[in-house]
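J.: Supplied structure: coords_26.txt, compact mmCIF, C-alpha atoms.
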```txt
# COMPACT_ATOMS: atom_id res chain seq x y z
CA MET A 1 28.72 4.78 -2.86
CA HIS A 2 26.12 5.77 -0.29
CA ILE A 3 22.67 6.99 -1.07
CA LYS A 4 21.40 9.43 1.51
CA ILE A 5 17.84 8.79 2.58
CA LYS A 6 15.99 12.03 3.13
CA GLY A 7 12.46 12.78 4.24
CA GLN A 8 10.88 12.26 0.81
CA GLU A 9 12.53 8.88 0.31
CA LEU A 10 11.43 7.81 3.77
CA LYS A 11 7.86 8.82 2.95
CA LEU A 12 8.07 6.82 -0.28
CA ILE A 13 9.24 3.71 1.59
CA LEU A 14 6.45 4.21 4.16
CA PHE A 15 3.88 4.30 1.35
CA LEU A 16 5.52 1.33 -0.36
CA SER A 17 5.13 -0.59 2.90
CA LEU A 18 1.47 0.36 3.12
CA SER A 19 0.88 -0.51 -0.55
CA TYR A 20 2.43 -3.95 -0.11
CA ALA A 21 0.20 -4.68 2.90
CA VAL A 22 -2.97 -3.49 1.15
CA GLY A 23 -2.09 -5.34 -2.05
CA GLY A 24 -1.23 -8.52 -0.15
CA LEU A 25 -4.51 -8.52 1.75
CA CYS A 26 -6.57 -7.70 -1.34
CA GLY A 27 -4.80 -10.46 -3.25
CA ALA A 28 -5.36 -12.96 -0.45
CA TYR A 29 -9.08 -12.22 -0.27
CA LEU A 30 -9.38 -12.23 -4.06
CA ILE A 31 -7.78 -15.68 -4.20
CA GLU A 32 -9.96 -16.92 -1.35
CA TYR A 33 -13.31 -15.73 -2.68
CA TYR A 34 -12.79 -15.50 -6.44
CA GLN A 35 -10.54 -18.53 -6.95
CA LYS A 36 -12.28 -20.51 -4.18
CA ALA A 37 -8.98 -21.35 -2.43
CA PRO A 38 -9.66 -21.33 1.33
CA PRO A 39 -6.78 -20.21 3.57
CA CYS A 40 -5.05 -22.36 6.17
CA SER A 41 -4.42 -21.10 9.69
CA LEU A 42 -0.90 -19.89 8.85
CA CYS A 43 -2.36 -17.88 5.94
CA ILE A 44 -4.77 -16.24 8.39
CA TYR A 45 -1.87 -15.34 10.71
CA GLN A 46 -0.04 -13.73 7.78
CA ARG A 47 -3.15 -11.68 7.07
CA PHE A 48 -3.17 -10.45 10.67
CA VAL A 49 0.42 -9.27 10.32
CA LEU A 50 -0.32 -7.39 7.09
CA GLY A 51 -3.41 -5.95 8.74
CA ALA A 52 -1.20 -4.71 11.59
CA VAL A 53 0.79 -2.65 9.07
CA ILE A 54 -2.42 -1.08 7.79
CA VAL A 55 -3.69 -0.34 11.31
CA CYS A 56 -0.37 1.10 12.52
CA PHE A 57 0.34 3.15 9.41
CA PRO A 58 -1.90 6.18 10.14
CA PHE A 59 -0.43 6.54 13.63
CA VAL A 60 3.14 6.17 12.38
CA TRP A 61 2.44 8.64 9.57
CA MET A 62 0.91 11.27 11.87
CA PHE A 63 3.72 10.91 14.40
CA PHE A 64 6.34 11.05 11.63
CA GLN A 65 4.80 14.26 10.23
CA LYS A 66 4.87 15.93 13.64
CA TYR A 67 8.22 14.58 14.87
CA PRO A 68 10.31 13.60 11.82
CA TYR A 69 13.45 12.95 13.89
CA ARG A 70 11.85 10.33 16.13
CA LYS A 71 12.21 6.74 15.07
CA VAL A 72 8.57 5.77 15.43
CA TYR A 73 8.67 4.44 11.88
CA VAL A 74 10.73 1.49 13.23
CA ILE A 75 7.38 -0.15 14.03
CA ILE A 76 6.69 -0.87 10.35
CA PRO A 77 9.97 -2.73 9.64
CA LEU A 78 9.55 -4.74 12.85
CA ILE A 79 6.10 -5.85 11.69
CA TYR A 80 7.57 -6.81 8.32
CA LEU A 81 10.29 -8.79 10.09
CA VAL A 82 7.53 -10.77 11.83
CA SER A 83 5.79 -11.15 8.46
CA PHE A 84 8.98 -12.51 6.90
CA VAL A 85 9.57 -15.02 9.71
CA LEU A 86 5.97 -16.25 9.63
CA ALA A 87 5.85 -16.48 5.83
CA ALA A 88 9.24 -18.24 5.69
CA TYR A 89 8.01 -20.73 8.30
CA HIS A 90 4.82 -21.30 6.29
CA SER A 91 6.85 -21.80 3.13
CA GLY A 92 9.02 -24.28 5.04
CA VAL A 93 5.90 -26.15 6.17
CA GLU A 94 4.74 -26.31 2.55
CA GLN A 95 8.12 -27.74 1.53
CA HIS A 96 7.98 -30.23 4.46
CA ILE A 97 11.07 -28.69 6.05
CA PHE A 98 9.19 -27.84 9.25
CA PRO A 99 6.33 -29.81 10.83
CA ALA A 100 2.86 -28.35 10.40
CA PRO A 101 1.32 -26.85 13.54
CA SER A 102 -1.47 -28.80 15.22
CA GLN A 103 -4.25 -26.47 14.06
CA CYS A 104 -3.32 -27.37 10.48
CA ARG A 105 -3.56 -31.11 11.04
CA GLY A 106 -6.61 -31.50 13.24
CA ASN A 107 -5.41 -33.00 16.50
CA LEU A 108 -7.70 -35.42 18.40
CA THR A 109 -6.24 -34.47 21.79
CA GLN A 110 -7.34 -30.89 21.16
CA HIS A 111 -10.95 -32.05 21.48
CA GLY A 112 -10.46 -34.35 24.45
CA GLY A 113 -10.26 -37.43 22.21
CA ASP A 114 -14.02 -37.37 21.54
CA VAL A 115 -14.36 -38.63 17.98
CA ASN A 116 -18.02 -37.59 17.69
CA LEU A 117 -17.21 -34.02 18.72
CA LEU A 118 -14.35 -33.93 16.24
CA ARG A 119 -16.59 -35.31 13.47
CA ASP A 120 -19.19 -32.61 14.18
CA LEU A 121 -16.52 -29.91 14.09
CA LEU A 122 -15.11 -31.25 10.83
CA LEU A 123 -18.53 -31.25 9.22
CA GLN A 124 -19.04 -27.62 10.21
CA GLN A 125 -15.77 -26.29 8.81
CA ASP A 126 -13.03 -27.15 6.40
CA ILE A 127 -9.57 -27.72 7.85
CA VAL A 128 -7.12 -26.63 5.20
CA PRO A 129 -3.75 -28.33 5.66
CA CYS A 130 -0.88 -25.86 5.85
CA ASP A 131 1.49 -28.13 3.95
CA LYS A 132 -0.68 -28.22 0.80
CA VAL A 133 -0.28 -25.33 -1.61
CA SER A 134 -3.72 -24.32 -2.86
CA TRP A 135 -2.62 -21.55 -5.21
CA ARG A 136 0.62 -20.78 -7.05
CA LEU A 137 1.93 -17.86 -9.04
CA PHE A 138 5.00 -18.41 -11.25
CA GLY A 139 5.51 -21.76 -9.52
CA LEU A 140 5.78 -20.26 -6.05
CA SER A 141 3.19 -20.39 -3.30
CA MET A 142 1.73 -17.18 -1.93
CA ALA A 143 3.57 -17.80 1.36
CA THR A 144 6.85 -17.82 -0.55
CA HIS A 145 5.89 -14.62 -2.37
CA ASN A 146 5.03 -13.02 0.96
CA ALA A 147 8.35 -14.16 2.45
CA LEU A 148 10.28 -12.67 -0.48
CA GLY A 149 8.29 -9.42 -0.47
CA SER A 150 8.60 -9.02 3.29
CA LEU A 151 12.33 -9.74 3.11
CA CYS A 152 12.74 -7.06 0.45
CA LEU A 153 10.93 -4.55 2.64
CA VAL A 154 12.98 -5.53 5.71
CA LEU A 155 16.19 -5.04 3.71
CA MET A 156 15.03 -1.67 2.39
CA TRP A 157 14.08 -0.57 5.89
CA GLY A 158 17.39 -1.86 7.23
CA TYR A 159 19.23 0.27 4.72
CA VAL A 160 17.10 3.30 5.59
CA LEU A 161 17.73 2.86 9.30
CA TRP A 162 21.43 2.30 8.71
CA GLN A 163 21.64 5.45 6.58
CA ARG A 164 19.79 7.58 9.09
CA ARG A 165 21.93 6.30 11.95
CA TYR A 166 25.34 6.65 10.34
CA ALA A 167 24.76 9.74 8.25
CA GLY A 168 24.97 11.91 11.35
CA GLU A 169 22.66 14.41 9.75
CA ARG A 170 19.09 15.34 10.48
CA TYR A 171 16.79 15.07 7.52
CA SER A 172 13.45 16.73 7.21
```
Could you write out this structure as structure tokens?
T.:
Amino acid sequence: MHIKIKGQELKLILFLSLSYAVGGLCGAYLIEYYQKAPPCSLCIYQRFVLGAVIVCFPFVWMFFQKYPYRKVYVIIPLIYLVSFVLAAYHSGVEQHIFPAPSQCRGNLTQHGGDVNLLRDLLLQQDIVPCDKVSWRLFGLSMATHNALGSLCLVLMWGYVLWQRRYAGERYS
């Protein structure tokens, strides 16, 4: 059984991708400012990736409206593939499967080994460790939720691209 993806379904998946990015960013900022859970550096990188979807969406949408047969919409699933990899890595760091990057641990060699400079920097800002989960929903960290959501979108987009490639038809 094959479901043919037509223009309307593709538009729906485009808007679903945009809605996930907007909802993810709004949720992240709500948790940060309302729940007082500061983000780690990997959380910030995940926000950049979701922001890239929001920034690219209007251009992809305009180009898709003008040239529906071009595959410019491939940009969105590629960004979500990056989002999945980054969120899965972050989830692995939280589970102590992967080592935390140096910006999450506070490395002395980063500051030339000057303990006084490092102390001053630490007093100015909070270093949030990437391997500590500051907020959970249904027992899963937000990085894990982002990995699962991004994976779902990558799989949906993969199916859409597979359908459009092998259907041999042009959809409007």
J.: Take atom CA of A:Leu148 and atom CA of A:Ser91 and report the distance between them in Å, one decimal.
T.: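 Going from atom CA of A:Leu148 over to atom CA of A:Ser91, I get 10.4 Å.
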J.: Calculate how many Å separate atom CA of A:Ile76 from atom CA of A:Gly139, rounding to one decimal.
T.: 28.9 Å
J.: Counting all atoms listed in the file, which of A:Cys40, A:Val74, A:Val85, A:Met142 gets nearest to A:Leu25?
T.: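 Using all atoms listed in the file, the shortest distance to A:Leu25 belongs to A:Met142.
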J.: From the options A:Ile44, A:Met156, A:Leu14, A:Ala37, which residue's atoms come nearest to A:Val72, counting only C-alpha atoms?
T.: A:Leu14
J.: Mind listing as a PyMOL selection string all residues within 12 Å of (-1.4, -1.8, 8.8), counting all atoms listed in the file?
T.: chain A and resi 14-25+47-61+75-77+79-80+83
J.: So which one's closest to A:Thr144, A:Leu81, A:Ala88, A:Met62, A:Leu30? Using only C-alpha atoms, please.
T.: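 Closest residue, counting only C-alpha atoms: A:Ala88.
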J.: Grab the atom CA of A:Lys71 to atom CA of A:Phe84 distance for me, in Å with one decimal place.
T.: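 Rounded to one decimal, the two atoms are 21.2 Å apart.
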J.: I need the residue nearest A:Ala147 from this list: A:Gln46, A:Tyr67, A:Leu78, A:Trp162. Use all atoms listed in the file for the distance.
T.: A:Gln46
J.: Tell me which of A:Phe98, A:Tyr73, A:Tyr45, A:Tyr89 sits closest to A:Ile13, counting only C-alpha atoms.
T.: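 Among the listed residues, A:Tyr73 lies closest to A:Ile13.
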